[in-house]
Amino acid sequence: MAFVHSLVKTEVRGKTGWCAPAELGEAAPHYISFVIPVDAQGDFLPRYTCETITSEGKGKKKVSHELVREGKDSLVLRLGKLEFWFTASPVRKEERRLPYVGKLRHEDFGHLFTEIEPEKPESLDRLYEEEDTFVIGCDAFTHYSGIKSLTRNR
Amino acid sequence: MPILYHGTNRAFATAMAGTPAAGGTVDVTRGRGEFGRGFYTQDSTGNAARRGQGIYGDNSAVLILNIDNLAYHALNFRRLNLNMARRLDAQLRASHMQHAYTTVHDAIIGPLVGMPGIEQQKFQTQNARTLLNGPLTQRTVK
């Protein structure tokens, strides 16, 4: 199943697209976008894997969930009794679907990506404040090939 | 009290938090972003955590700054609306000045261009540094 990804919009050799924050280091923008791969028509897939990370003492626990399409432009992530709704980001037509332009490898990177936004960003803040949990989508350090050599000297 | 968040790695966050006796080590001359050079915070704890994780993986942490209300509001702010923030970001990108641009203000405040619902703060003067590292700011690492 395809993943939700946490990527940043950037420009590489004149081409606008997405790359992983780890590829930019501290120069990464301060907002990390949620993006999802779309099919050839630009439509959402029926469901995506979406990981959460919970701090546990000095460690972190990753758990996989599903972000499920509901209707044409909405998706929902259910964590127990909590629901987090996402919708397609309102952007210019030419920026609606952009490629991954970084140097890392993941099977989703052959698709174009669309940005989605949480309907209530403050609900994601509450999740972190009250349950030490945040939504990462796809943990780059677990799933992206080439990231360890990229960040080895950081 | 304003509570602001900075996603980074655990070693940096711990060093910046310092100790109550010695103070913190936040450096306002190193960071960069949409408003130029300075130390960036934001009011979204979830996004700060995601940024730290995205850059540093499991070594990430969030530095939490809980700042005395009077001292914070005594700073000299430049406040930007979304259009002003977009314009400044575009100008700095075009001129490759994101690592260098500062103003005389203690801090520049405005929306994150990519997610206007989140406010970011860029601290950029010695005065701001003194407040962030001093006894009127509680610094904790999560």
# chains A, B, ... in the order shown; residues from 1 in each chain; ligands from 1
>>> interface_residues(of="chain A", to="chain B", cutoff="8 Å", atoms="only C-alpha atoms", output="PyMOL selection string")
chain A and resi 6+20-33+59-60+121-122+124-129+134-136+139-141
>>> residues_around(residues="Leu67 (chain A)", least_positions_apart="3", cutoff="10 Å", atoms="only C-alpha atoms", output="ChimeraX atom specification")
/A:3-4,45-51,64,70,74-79,84-86,137
>>> closest_residue(among="B:Asn9, B:Thr125, B:Thr25, B:Ser95", to="Arg37 (chain B)", atoms="only C-alpha atoms")
B:Thr125
>>> closest_atom_pairs(of="region 32-75 of chain B", to="region 130-139 of chain B", cutoff="6 Å", atoms="only C-alpha atoms", output="JSON lines")
{"residue": "B:Ile64", "atom": "CA", "partner": "B:Arg139", "partner_atom": "CA", "distance": 5.7}
{"residue": "B:Leu65", "atom": "CA", "partner": "B:Arg139", "partner_atom": "CA", "distance": 4.9}
{"residue": "B:Asn66", "atom": "CA", "partner": "B:Gln138", "partner_atom": "CA", "distance": 5.0}
{"residue": "B:Ile67", "atom": "CA", "partner": "B:Thr137", "partner_atom": "CA", "distance": 4.3}
{"residue": "B:Asp68", "atom": "CA", "partner": "B:Leu136", "partner_atom": "CA", "distance": 5.4}
>>> select_by_dssp(residues="chain B", states="strand (DSSP E)", output="number ranges by chain")
B: 3-9, 39-42, 60-67, 77-79, 107-112, 115-123, 137-141
